[in-house]
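Note sheet for the following structure.
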Amino acid sequence: MNERLQVRRPTIAAVAASAGVSKATVSRYFNHEELLTPDIAARVKKAITELDYAPSPMAQALSRGRSRLIGLIVADITNPYSVAVLRGAEKACQEGGYLVMLFNLGNAIGREREAIDALAGYQVDGFILNTLGRGAGVMEALERNGKPAVLVDRRHSGMTADFVALDSAGAMVAACNHLVENGYRELMYVTEPKKGVSSRRERATAFNKFSSSHATRVAGQVFEYSEESGSLLEDAIRALIARARSAKDGRRAAVISGNAVVTLRIASIAAQCNWKFGADVGFLGFDDPEWAPLIGPGLSAIAQPTDAIGRTAATCLIDRLHGEQAPPRQILLPGQLVVRGSSDTRGGRD
């Protein structure tokens with residue numbers, strides 16, 4: 001008969017019994033407290049060595065009132081933006097002596113409070129929220145658990161907390177200026193639904209403001225893309241191209257995409273319609289996925305400083321955990337305009 005041997009991990013009680021002291025004395029030894037006599041310290045050390053005992057990092061942290069864990073809640077872990085922000089935050093947390101626990105919402109509305117309560121159950125010290133931005137009860141859940149939080153990319157209505165994101169308005173102005181300088185006058189901004197998502201609203205507002213302030217030269221429109229309206233997007237782009245071609249001032253048509261998801265949809269439509277980016281229609285998208293240079297003449301983009309956003313958010317939170325009492329900070333980081341053939345007249349024409 002085969003018997004499975006189970007090796008039990010030595011406990012602090014076993015160490016205490018071997019050294020002839022209390023468990024509290026062993027805990028004081030690990031906490032480097034100067035309350036032990038040399039004799040007692042030597043006995044505890046000898047017992048630890050003989051038993052090959054290793055204390056639980058979590059137990060040690062909790063005994064000091066801190067877990068050294070930070071909870072990161074993301075809207076969708078399949079989104080390259082969220083993954084890149086996570087990497088930046090994780091680097092900064094590791095450098096600060098913290099570990100990250102991740103909760104993926106999977107774009108499910110209403111799970112934000114569940115996520116906060118679940119991570120709070122693991123005694124995280126604070127939260128970084130890159131969430132949907134419209135979940136109910138988020139503020140109440142944070143207040144109930146008494147943990148500080150930093151918002152990334154999307155604001156929560158009525159919530160005052162440190163906020164780190166792309167300078168969406170500045171990036172949109174840079175995108176529009178680039179297109180106009182390259183002869184594009186019929187512009188369309190394609191975004192996923194704006195309702196409840198602050199970053200989408202801010203970009204659309206900046207686009208409309210730019211169009212209005214340049215109304216004598218530029219015509220602009222916003223198209224909200226969703227599964228329901230997806231079939232209408234091709235018609236909208238076709239009409240945009242037709243208006244530019246019928247104009248007598250040589251204007252050209254260009255599309256601005258709100259994120260990589262929309263960019264992929266527009267690229268698919270262009271392939272089906274045999275449109276050439278930079279020739280038939282200009283293009284520039286928010287986010288710069290690794291496949292952007294591979295489509296057509298290369299897709300121009302606003303590259304978000306995702307690593308810096310994640311690092312900054314983690315640093316803000318760690319500052320709060322170390323006692324920072326300053327009013328809530330809003331940190332907007334600049335994007336990088338990456339010009340490729342889809343928007344550059346010199347390289348986009350056949």
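The way I read the labels, and the way they are meant: chains A, B, ... in the order of the structure tokens, residue 1 as the first residue of every chain, and ligand 1 as the first ligand shown, with later ones counted on from there.
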**In range 31-146 of chain A, DSSP alpha helix (DSSP H) residues written as a ChimeraX atom specification** = /A:38-51,57-63,80-95,112-120,138-145
**Request:** Skip Ala260 in chain A itself and residues of its chain fewer than 4 positions away, then list as a PyMOL selection string all residues within 7 Å of it, counting only C-alpha atoms.
**Result:** chain A and resi 264+286-287+289
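Nearest residue to Thr216 in chain A among A:Ala244, A:Gly323, A:Ala239, A:Arg185 is A:Arg185, counting only C-alpha atoms.
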**Message:** DSSP on the backbone, strand (DSSP E) only: what residues of range 168-346 of chain A does that give? Format it as a PyMOL selection string.
**Reply:** chain A and resi 184-191+219-224+252-257+282-286+300-303+330-333+336-338
Would you tabulate, counting only C-alpha atoms, all residues of range 269-339 of chain A that have an atom at most 9 Å from an atom of range 77-89 of chain A, showing the closest pair of atoms and their distance in Å to one decimal, sorted by chain then ascending number, as JSON lines?
{"residue": "A:Asp287", "atom": "CA", "partner": "A:Tyr81", "partner_atom": "CA", "distance": 7.7}
{"residue": "A:Pro289", "atom": "CA", "partner": "A:Pro80", "partner_atom": "CA", "distance": 7.6}
{"residue": "A:Gln304", "atom": "CA", "partner": "A:Tyr81", "partner_atom": "CA", "distance": 8.3}
{"residue": "A:Pro305", "atom": "CA", "partner": "A:Val85", "partner_atom": "CA", "distance": 8.7}
{"residue": "A:Thr306", "atom": "CA", "partner": "A:Val85", "partner_atom": "CA", "distance": 4.9}
{"residue": "A:Asp307", "atom": "CA", "partner": "A:Gly88", "partner_atom": "CA", "distance": 4.2}
{"residue": "A:Ala308", "atom": "CA", "partner": "A:Gly88", "partner_atom": "CA", "distance": 6.4}
{"residue": "A:Ile309", "atom": "CA", "partner": "A:Val85", "partner_atom": "CA", "distance": 6.3}
{"residue": "A:Gly310", "atom": "CA", "partner": "A:Ala89", "partner_atom": "CA", "distance": 4.1}
{"residue": "A:Arg311", "atom": "CA", "partner": "A:Ala89", "partner_atom": "CA", "distance": 4.5}
{"residue": "A:Thr312", "atom": "CA", "partner": "A:Ala89", "partner_atom": "CA", "distance": 7.5}
{"residue": "A:Ala313", "atom": "CA", "partner": "A:Ala89", "partner_atom": "CA", "distance": 6.8}
{"residue": "A:Ala314", "atom": "CA", "partner": "A:Ala89", "partner_atom": "CA", "distance": 5.2}
{"residue": "A:Thr315", "atom": "CA", "partner": "A:Ala89", "partner_atom": "CA", "distance": 8.2}
Filtering to N, CA and C atoms, could you give me those residues as a PDB file, in the first residue's frame?
ATOM      1  N   ASP A 287      -4.031  55.221 -29.022  1.00  0.00           N
ATOM      2  CA  ASP A 287      -3.368  53.950 -28.724  1.00  0.00           C
ATOM      3  C   ASP A 287      -2.512  53.555 -29.930  1.00  0.00           C
ATOM      4  N   PRO A 289      -1.036  50.178 -30.884  1.00  0.00           N
ATOM      5  CA  PRO A 289      -0.777  48.740 -30.724  1.00  0.00           C
ATOM      6  C   PRO A 289       0.382  48.297 -31.601  1.00  0.00           C
ATOM      7  N   GLN A 304      -0.097  56.329 -25.883  1.00  0.00           N
ATOM      8  CA  GLN A 304      -0.307  56.729 -24.492  1.00  0.00           C
ATOM      9  C   GLN A 304       0.904  56.334 -23.640  1.00  0.00           C
ATOM     10  N   PRO A 305       1.270  57.160 -22.668  1.00  0.00           N
ATOM     11  CA  PRO A 305       2.404  56.842 -21.786  1.00  0.00           C
ATOM     12  C   PRO A 305       1.975  55.864 -20.705  1.00  0.00           C
ATOM     13  N   THR A 306       1.582  54.660 -21.131  1.00  0.00           N
ATOM     14  CA  THR A 306       0.956  53.706 -20.214  1.00  0.00           C
ATOM     15  C   THR A 306       1.874  53.318 -19.055  1.00  0.00           C
ATOM     16  N   ASP A 307       3.141  53.102 -19.331  1.00  0.00           N
ATOM     17  CA  ASP A 307       4.056  52.722 -18.254  1.00  0.00           C
ATOM     18  C   ASP A 307       4.144  53.842 -17.221  1.00  0.00           C
ATOM     19  N   ALA A 308       4.265  55.074 -17.711  1.00  0.00           N
ATOM     20  CA  ALA A 308       4.353  56.223 -16.800  1.00  0.00           C
ATOM     21  C   ALA A 308       3.049  56.420 -16.035  1.00  0.00           C
ATOM     22  N   ILE A 309       1.908  56.158 -16.689  1.00  0.00           N
ATOM     23  CA  ILE A 309       0.615  56.282 -16.006  1.00  0.00           C
ATOM     24  C   ILE A 309       0.538  55.278 -14.861  1.00  0.00           C
ATOM     25  N   GLY A 310       0.900  54.030 -15.139  1.00  0.00           N
ATOM     26  CA  GLY A 310       0.863  53.011 -14.086  1.00  0.00           C
ATOM     27  C   GLY A 310       1.828  53.318 -12.953  1.00  0.00           C
ATOM     28  N   ARG A 311       3.040  53.732 -13.310  1.00  0.00           N
ATOM     29  CA  ARG A 311       4.035  54.063 -12.289  1.00  0.00           C
ATOM     30  C   ARG A 311       3.584  55.247 -11.432  1.00  0.00           C
ATOM     31  N   THR A 312       3.055  56.264 -12.093  1.00  0.00           N
ATOM     32  CA  THR A 312       2.640  57.464 -11.364  1.00  0.00           C
ATOM     33  C   THR A 312       1.480  57.159 -10.421  1.00  0.00           C
ATOM     34  N   ALA A 313       0.528  56.354 -10.902  1.00  0.00           N
ATOM     35  CA  ALA A 313      -0.613  55.990 -10.057  1.00  0.00           C
ATOM     36  C   ALA A 313      -0.142  55.239  -8.816  1.00  0.00           C
ATOM     37  N   ALA A 314       0.767  54.283  -9.010  1.00  0.00           N
ATOM     38  CA  ALA A 314       1.276  53.515  -7.871  1.00  0.00           C
ATOM     39  C   ALA A 314       2.049  54.411  -6.909  1.00  0.00           C
ATOM     40  N   THR A 315       2.838  55.321  -7.456  1.00  0.00           N
ATOM     41  CA  THR A 315       3.609  56.235  -6.609  1.00  0.00           C
ATOM     42  C   THR A 315       2.684  57.134  -5.786  1.00  0.00           C
TER      43      THR A 315
END
**Request:** For range 174-176 of chain A, work out the shell of residues within 9 Å, counting only C-alpha atoms and skipping chain neighbours fewer than 6 positions away, then give it as a list in words.
**Result:** Tyr184, Leu187, Phe207, Phe210, Ser211, Ile256, Leu284, Gly285, Phe286, Ala301, Ile302 and Leu337 of chain A
**Prompt:** Suppose you want the space between CA of Ala115 in chain A and CA of Leu333 in chain A; what is it in Å?
**Reply:**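 Distance between the two atoms: 27.1 Å.
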**Asked** What's the 12 Å shell around range 12-22 of chain A, counting only C-alpha atoms, without same-chain residues fewer than 5 positions away, as a VMD selection string?
**Response** chain A and resid 27 to 30 36 39 to 56 59 to 60
Next, dump the selected residues to file, keeping only N, CA and C atoms, as a PDB file, in the first residue's frame.
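What landed in out.pdb:
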ATOM      1  N   SER A  27       7.735  36.203  17.904  1.00  0.00           N
ATOM      2  CA  SER A  27       7.311  37.311  17.033  1.00  0.00           C
ATOM      3  C   SER A  27       8.203  38.527  17.251  1.00  0.00           C
ATOM      4  N   ARG A  28       8.539  38.822  18.510  1.00  0.00           N
ATOM      5  CA  ARG A  28       9.411  39.953  18.797  1.00  0.00           C
ATOM      6  C   ARG A  28      10.791  39.751  18.160  1.00  0.00           C
ATOM      7  N   TYR A  29      11.245  38.510  18.130  1.00  0.00           N
ATOM      8  CA  TYR A  29      12.538  38.203  17.509  1.00  0.00           C
ATOM      9  C   TYR A  29      12.525  38.596  16.026  1.00  0.00           C
ATOM     10  N   PHE A  30      11.442  38.236  15.318  1.00  0.00           N
ATOM     11  CA  PHE A  30      11.354  38.536  13.888  1.00  0.00           C
ATOM     12  C   PHE A  30      11.123  40.019  13.622  1.00  0.00           C
ATOM     13  N   LEU A  36      14.739  41.376  23.786  1.00  0.00           N
ATOM     14  CA  LEU A  36      15.163  40.026  24.115  1.00  0.00           C
ATOM     15  C   LEU A  36      16.591  40.029  24.643  1.00  0.00           C
ATOM     16  N   ASP A  39      20.637  35.614  25.581  1.00  0.00           N
ATOM     17  CA  ASP A  39      20.401  34.183  25.764  1.00  0.00           C
ATOM     18  C   ASP A  39      19.115  33.730  25.087  1.00  0.00           C
ATOM     19  N   ILE A  40      18.030  34.489  25.308  1.00  0.00           N
ATOM     20  CA  ILE A  40      16.742  34.130  24.700  1.00  0.00           C
ATOM     21  C   ILE A  40      16.824  34.238  23.183  1.00  0.00           C
ATOM     22  N   ALA A  41      17.453  35.300  22.686  1.00  0.00           N
ATOM     23  CA  ALA A  41      17.587  35.470  21.244  1.00  0.00           C
ATOM     24  C   ALA A  41      18.344  34.305  20.623  1.00  0.00           C
ATOM     25  N   ALA A  42      19.400  33.835  21.313  1.00  0.00           N
ATOM     26  CA  ALA A  42      20.184  32.707  20.802  1.00  0.00           C
ATOM     27  C   ALA A  42      19.355  31.427  20.772  1.00  0.00           C
ATOM     28  N   ARG A  43      18.524  31.219  21.814  1.00  0.00           N
ATOM     29  CA  ARG A  43      17.678  30.023  21.858  1.00  0.00           C
ATOM     30  C   ARG A  43      16.640  30.033  20.735  1.00  0.00           C
ATOM     31  N   VAL A  44      16.041  31.183  20.489  1.00  0.00           N
ATOM     32  CA  VAL A  44      15.045  31.287  19.416  1.00  0.00           C
ATOM     33  C   VAL A  44      15.706  31.050  18.058  1.00  0.00           C
ATOM     34  N   LYS A  45      16.878  31.657  17.869  1.00  0.00           N
ATOM     35  CA  LYS A  45      17.585  31.485  16.608  1.00  0.00           C
ATOM     36  C   LYS A  45      17.936  30.027  16.365  1.00  0.00           C
ATOM     37  N   LYS A  46      18.393  29.331  17.418  1.00  0.00           N
ATOM     38  CA  LYS A  46      18.750  27.916  17.307  1.00  0.00           C
ATOM     39  C   LYS A  46      17.524  27.075  16.929  1.00  0.00           C
ATOM     40  N   ALA A  47      16.361  27.372  17.529  1.00  0.00           N
ATOM     41  CA  ALA A  47      15.143  26.617  17.237  1.00  0.00           C
ATOM     42  C   ALA A  47      14.688  26.857  15.794  1.00  0.00           C
ATOM     43  N   ILE A  48      14.796  28.091  15.348  1.00  0.00           N
ATOM     44  CA  ILE A  48      14.417  28.435  13.973  1.00  0.00           C
ATOM     45  C   ILE A  48      15.280  27.668  12.974  1.00  0.00           C
ATOM     46  N   THR A  49      16.587  27.617  13.250  1.00  0.00           N
ATOM     47  CA  THR A  49      17.515  26.921  12.355  1.00  0.00           C
ATOM     48  C   THR A  49      17.231  25.425  12.326  1.00  0.00           C
ATOM     49  N   GLU A  50      17.062  24.824  13.503  1.00  0.00           N
ATOM     50  CA  GLU A  50      16.841  23.380  13.586  1.00  0.00           C
ATOM     51  C   GLU A  50      15.523  22.961  12.920  1.00  0.00           C
ATOM     52  N   LEU A  51      14.502  23.786  13.059  1.00  0.00           N
ATOM     53  CA  LEU A  51      13.187  23.460  12.493  1.00  0.00           C
ATOM     54  C   LEU A  51      13.015  23.949  11.058  1.00  0.00           C
ATOM     55  N   ASP A  52      14.007  24.719  10.576  1.00  0.00           N
ATOM     56  CA  ASP A  52      13.928  25.310   9.229  1.00  0.00           C
ATOM     57  C   ASP A  52      12.625  26.094   9.072  1.00  0.00           C
ATOM     58  N   TYR A  53      12.372  26.950  10.055  1.00  0.00           N
ATOM     59  CA  TYR A  53      11.122  27.715  10.077  1.00  0.00           C
ATOM     60  C   TYR A  53      11.262  29.018   9.290  1.00  0.00           C
ATOM     61  N   ALA A  54      10.246  29.318   8.466  1.00  0.00           N
ATOM     62  CA  ALA A  54      10.195  30.593   7.736  1.00  0.00           C
ATOM     63  C   ALA A  54       8.871  31.260   8.060  1.00  0.00           C
ATOM     64  N   PRO A  55       8.890  32.483   8.564  1.00  0.00           N
ATOM     65  CA  PRO A  55       7.635  33.150   8.923  1.00  0.00           C
ATOM     66  C   PRO A  55       6.837  33.528   7.683  1.00  0.00           C
ATOM     67  N   SER A  56       5.530  33.580   7.822  1.00  0.00           N
ATOM     68  CA  SER A  56       4.658  34.010   6.735  1.00  0.00           C
ATOM     69  C   SER A  56       4.788  35.513   6.533  1.00  0.00           C
ATOM     70  N   ALA A  59       1.590  37.226   7.490  1.00  0.00           N
ATOM     71  CA  ALA A  59       1.365  37.322   8.933  1.00  0.00           C
ATOM     72  C   ALA A  59       2.228  38.417   9.541  1.00  0.00           C
ATOM     73  N   GLN A  60       3.474  38.509   9.077  1.00  0.00           N
ATOM     74  CA  GLN A  60       4.356  39.556   9.586  1.00  0.00           C
ATOM     75  C   GLN A  60       3.800  40.940   9.265  1.00  0.00           C
TER      76      GLN A  60
END
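Distance annotation: of A:Ser157, A:Ser67, A:Ser212, A:Ser342, the residue with the minimal separation from Val281 in chain A is A:Ser342; atom set is only C-alpha atoms.
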**Residue contacts of Glu202 in chain A (12 Å, only C-alpha atoms) excluding same-chain residues fewer than 2 positions away, as a list of chain:residue names** = A:Asp153, A:Arg154, A:Arg155, A:Ala165, A:Leu166, A:Asp167, A:Ser168, A:Ala169, A:Gly170, A:Ala171, A:Met172, A:Val173, A:Thr191, A:Lys194, A:Lys195, A:Gly196, A:Val197, A:Ser198, A:Ser199, A:Arg200, A:Ala204, A:Thr205, A:Ala206, A:Phe207, A:Asn208, A:Lys209, A:Gly258
Output file for the residues above (N, CA, C and O atoms, as a compact mmCIF listing (two decimals), in the first residue's frame):
# COMPACT_ATOMS: atom_id res chain seq x y z
N ASP A 153 -7.23 56.81 -15.71
CA ASP A 153 -7.89 56.94 -17.01
C ASP A 153 -9.34 57.42 -16.94
O ASP A 153 -9.75 58.25 -17.73
N ARG A 154 -10.13 56.87 -16.03
CA ARG A 154 -11.55 57.22 -15.97
C ARG A 154 -11.91 57.74 -14.59
O ARG A 154 -11.58 57.15 -13.57
N ARG A 155 -12.61 58.85 -14.58
CA ARG A 155 -13.05 59.45 -13.32
C ARG A 155 -14.33 58.78 -12.84
O ARG A 155 -15.07 58.19 -13.63
N ALA A 165 -3.92 60.14 -15.76
CA ALA A 165 -4.43 59.76 -17.08
C ALA A 165 -3.65 60.47 -18.18
O ALA A 165 -2.82 61.35 -17.92
N LEU A 166 -3.94 60.09 -19.39
CA LEU A 166 -3.47 60.82 -20.56
C LEU A 166 -4.12 62.19 -20.58
O LEU A 166 -5.29 62.35 -20.20
N ASP A 167 -3.40 63.19 -21.05
CA ASP A 167 -3.98 64.51 -21.31
C ASP A 167 -4.79 64.38 -22.60
O ASP A 167 -4.31 64.66 -23.69
N SER A 168 -6.03 63.90 -22.46
CA SER A 168 -6.86 63.60 -23.62
C SER A 168 -7.12 64.81 -24.50
O SER A 168 -7.07 64.73 -25.73
N ALA A 169 -7.41 65.94 -23.87
CA ALA A 169 -7.71 67.15 -24.64
C ALA A 169 -6.47 67.59 -25.42
O ALA A 169 -6.56 67.91 -26.62
N GLY A 170 -5.33 67.62 -24.77
CA GLY A 170 -4.11 68.03 -25.45
C GLY A 170 -3.74 67.08 -26.57
O GLY A 170 -3.29 67.50 -27.65
N ALA A 171 -3.94 65.78 -26.35
CA ALA A 171 -3.64 64.79 -27.38
C ALA A 171 -4.57 64.94 -28.58
O ALA A 171 -4.14 64.81 -29.73
N MET A 172 -5.84 65.23 -28.33
CA MET A 172 -6.78 65.41 -29.43
C MET A 172 -6.43 66.63 -30.26
O MET A 172 -6.48 66.59 -31.51
N VAL A 173 -6.04 67.71 -29.61
CA VAL A 173 -5.64 68.91 -30.36
C VAL A 173 -4.42 68.60 -31.22
O VAL A 173 -4.34 69.02 -32.38
N THR A 191 -15.71 56.95 -31.71
CA THR A 191 -15.48 56.57 -30.32
C THR A 191 -16.48 55.51 -29.91
O THR A 191 -17.59 55.43 -30.44
N LYS A 194 -19.95 57.14 -25.27
CA LYS A 194 -19.35 58.09 -24.33
C LYS A 194 -19.99 58.03 -22.95
O LYS A 194 -19.36 58.43 -21.96
N LYS A 195 -21.23 57.57 -22.85
CA LYS A 195 -21.97 57.64 -21.60
C LYS A 195 -21.22 56.95 -20.46
O LYS A 195 -20.86 55.78 -20.55
N GLY A 196 -20.98 57.70 -19.40
CA GLY A 196 -20.37 57.15 -18.21
C GLY A 196 -18.87 56.96 -18.27
O GLY A 196 -18.28 56.49 -17.31
N VAL A 197 -18.24 57.31 -19.39
CA VAL A 197 -16.79 57.11 -19.53
C VAL A 197 -16.14 58.46 -19.76
O VAL A 197 -16.23 59.03 -20.85
N SER A 198 -15.47 58.97 -18.75
CA SER A 198 -14.96 60.35 -18.79
C SER A 198 -13.93 60.56 -19.89
O SER A 198 -13.94 61.60 -20.56
N SER A 199 -13.03 59.60 -20.11
CA SER A 199 -11.98 59.79 -21.12
C SER A 199 -12.57 59.93 -22.52
O SER A 199 -12.11 60.74 -23.33
N ARG A 200 -13.62 59.17 -22.82
CA ARG A 200 -14.26 59.27 -24.14
C ARG A 200 -14.97 60.61 -24.29
O ARG A 200 -14.92 61.23 -25.35
N ALA A 204 -14.06 63.56 -27.09
CA ALA A 204 -15.10 64.04 -27.99
C ALA A 204 -15.32 65.55 -27.82
O ALA A 204 -15.49 66.28 -28.81
N THR A 205 -15.30 66.01 -26.58
CA THR A 205 -15.46 67.44 -26.32
C THR A 205 -14.33 68.23 -26.94
O THR A 205 -14.54 69.29 -27.57
N ALA A 206 -13.09 67.75 -26.80
CA ALA A 206 -11.94 68.44 -27.38
C ALA A 206 -12.02 68.45 -28.91
O ALA A 206 -11.66 69.44 -29.55
N PHE A 207 -12.49 67.35 -29.48
CA PHE A 207 -12.64 67.28 -30.94
C PHE A 207 -13.67 68.30 -31.42
O PHE A 207 -13.43 69.04 -32.38
N ASN A 208 -14.82 68.34 -30.75
CA ASN A 208 -15.87 69.29 -31.15
C ASN A 208 -15.40 70.74 -30.97
O ASN A 208 -15.71 71.60 -31.80
N LYS A 209 -14.67 70.99 -29.91
CA LYS A 209 -14.16 72.35 -29.67
C LYS A 209 -13.18 72.74 -30.76
O LYS A 209 -13.21 73.89 -31.26
N GLY A 258 -10.92 56.37 -31.45
CA GLY A 258 -10.84 56.61 -30.01
C GLY A 258 -9.97 55.64 -29.24
O GLY A 258 -9.48 55.96 -28.17
**Request:** Can you pull out every residue within 12 Å of Ile269 in chain A, counting only C-alpha atoms, but drop anything in the same chain fewer than 4 positions away, and send it as a list in words?
**Result:**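 Listing them by chain and then by number gives Gly230, Ser231, Leu232, Leu233, Glu234, Asp235, Ala236, Ile237, Arg238, Val262, Thr263, Leu264, Arg265, Cys273, Asn274, Trp275, Lys276, Phe277 and Val281 of chain A.
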Export of prior selection with C-alpha atoms as a short mmCIF file (atom, residue, chain, number, x, y, z; two decimals), in the first residue's frame:
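out.cif, written as the output of this step:
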data_model
loop_
_atom_site.label_atom_id
_atom_site.label_comp_id
_atom_site.auth_asym_id
_atom_site.auth_seq_id
_atom_site.Cartn_x
_atom_site.Cartn_y
_atom_site.Cartn_z
CA GLY A 230 -21.30 48.97 -36.31
CA SER A 231 -23.03 48.35 -39.63
CA LEU A 232 -23.53 52.12 -40.04
CA LEU A 233 -19.85 52.98 -39.63
CA GLU A 234 -18.93 52.00 -43.19
CA ASP A 235 -21.70 54.24 -44.55
CA ALA A 236 -20.54 57.13 -42.38
CA ILE A 237 -16.94 56.85 -43.59
CA ARG A 238 -18.07 56.48 -47.20
CA VAL A 262 -12.17 51.00 -32.84
CA THR A 263 -8.97 51.14 -34.89
CA LEU A 264 -9.21 47.43 -35.64
CA ARG A 265 -12.83 47.80 -36.75
CA CYS A 273 -13.88 48.45 -49.18
CA ASN A 274 -10.36 48.43 -50.65
CA TRP A 275 -9.67 51.91 -49.25
CA LYS A 276 -6.04 52.87 -48.91
CA PHE A 277 -5.10 54.75 -45.78
CA VAL A 281 -8.86 58.34 -46.37
#
**Item:** Pairwise distance for CA of Phe163 in chain A and CA of Gly97 in chain A, rounded to one decimal in Å
**Value:** 22.1 Å
**Asked** Of the residues A:Asn182, A:Gln94, A:Asn177, A:Thr11, which is the one nearest to Arg252 in chain A, using only C-alpha atoms?
**Response** A:Asn182
**Request:** Provide the CA of Ala75 in chain A to CA of Gly110 in chain A distance in Å, to one decimal place.
**Result:**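 According to the coordinates, CA of Ala75 in chain A and CA of Gly110 in chain A are separated by 11.0 Å.
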**Message:** Ranking A:Cys316, A:Val124, A:Val26, A:Ala118 by minimum distance to Leu69 in chain A and counting only C-alpha atoms, which one comes first?
**Reply:**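 Distance minimum relative to Leu69 in chain A lands on A:Val124.
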**Request:** Go through A:Thr160, A:Gln325, A:Leu299, A:Thr37 one by one, measure the shortest atom-to-atom distance of each to Thr25 in chain A using only C-alpha atoms, and give the residue with the smallest value.
**Result:** A:Thr37
**Item:** Of the listed residues A:Val138, A:Ala271, A:Ala92, A:Ala149, that which approaches Arg329 in chain A most closely, counting only C-alpha atoms
**Value:** A:Ala149
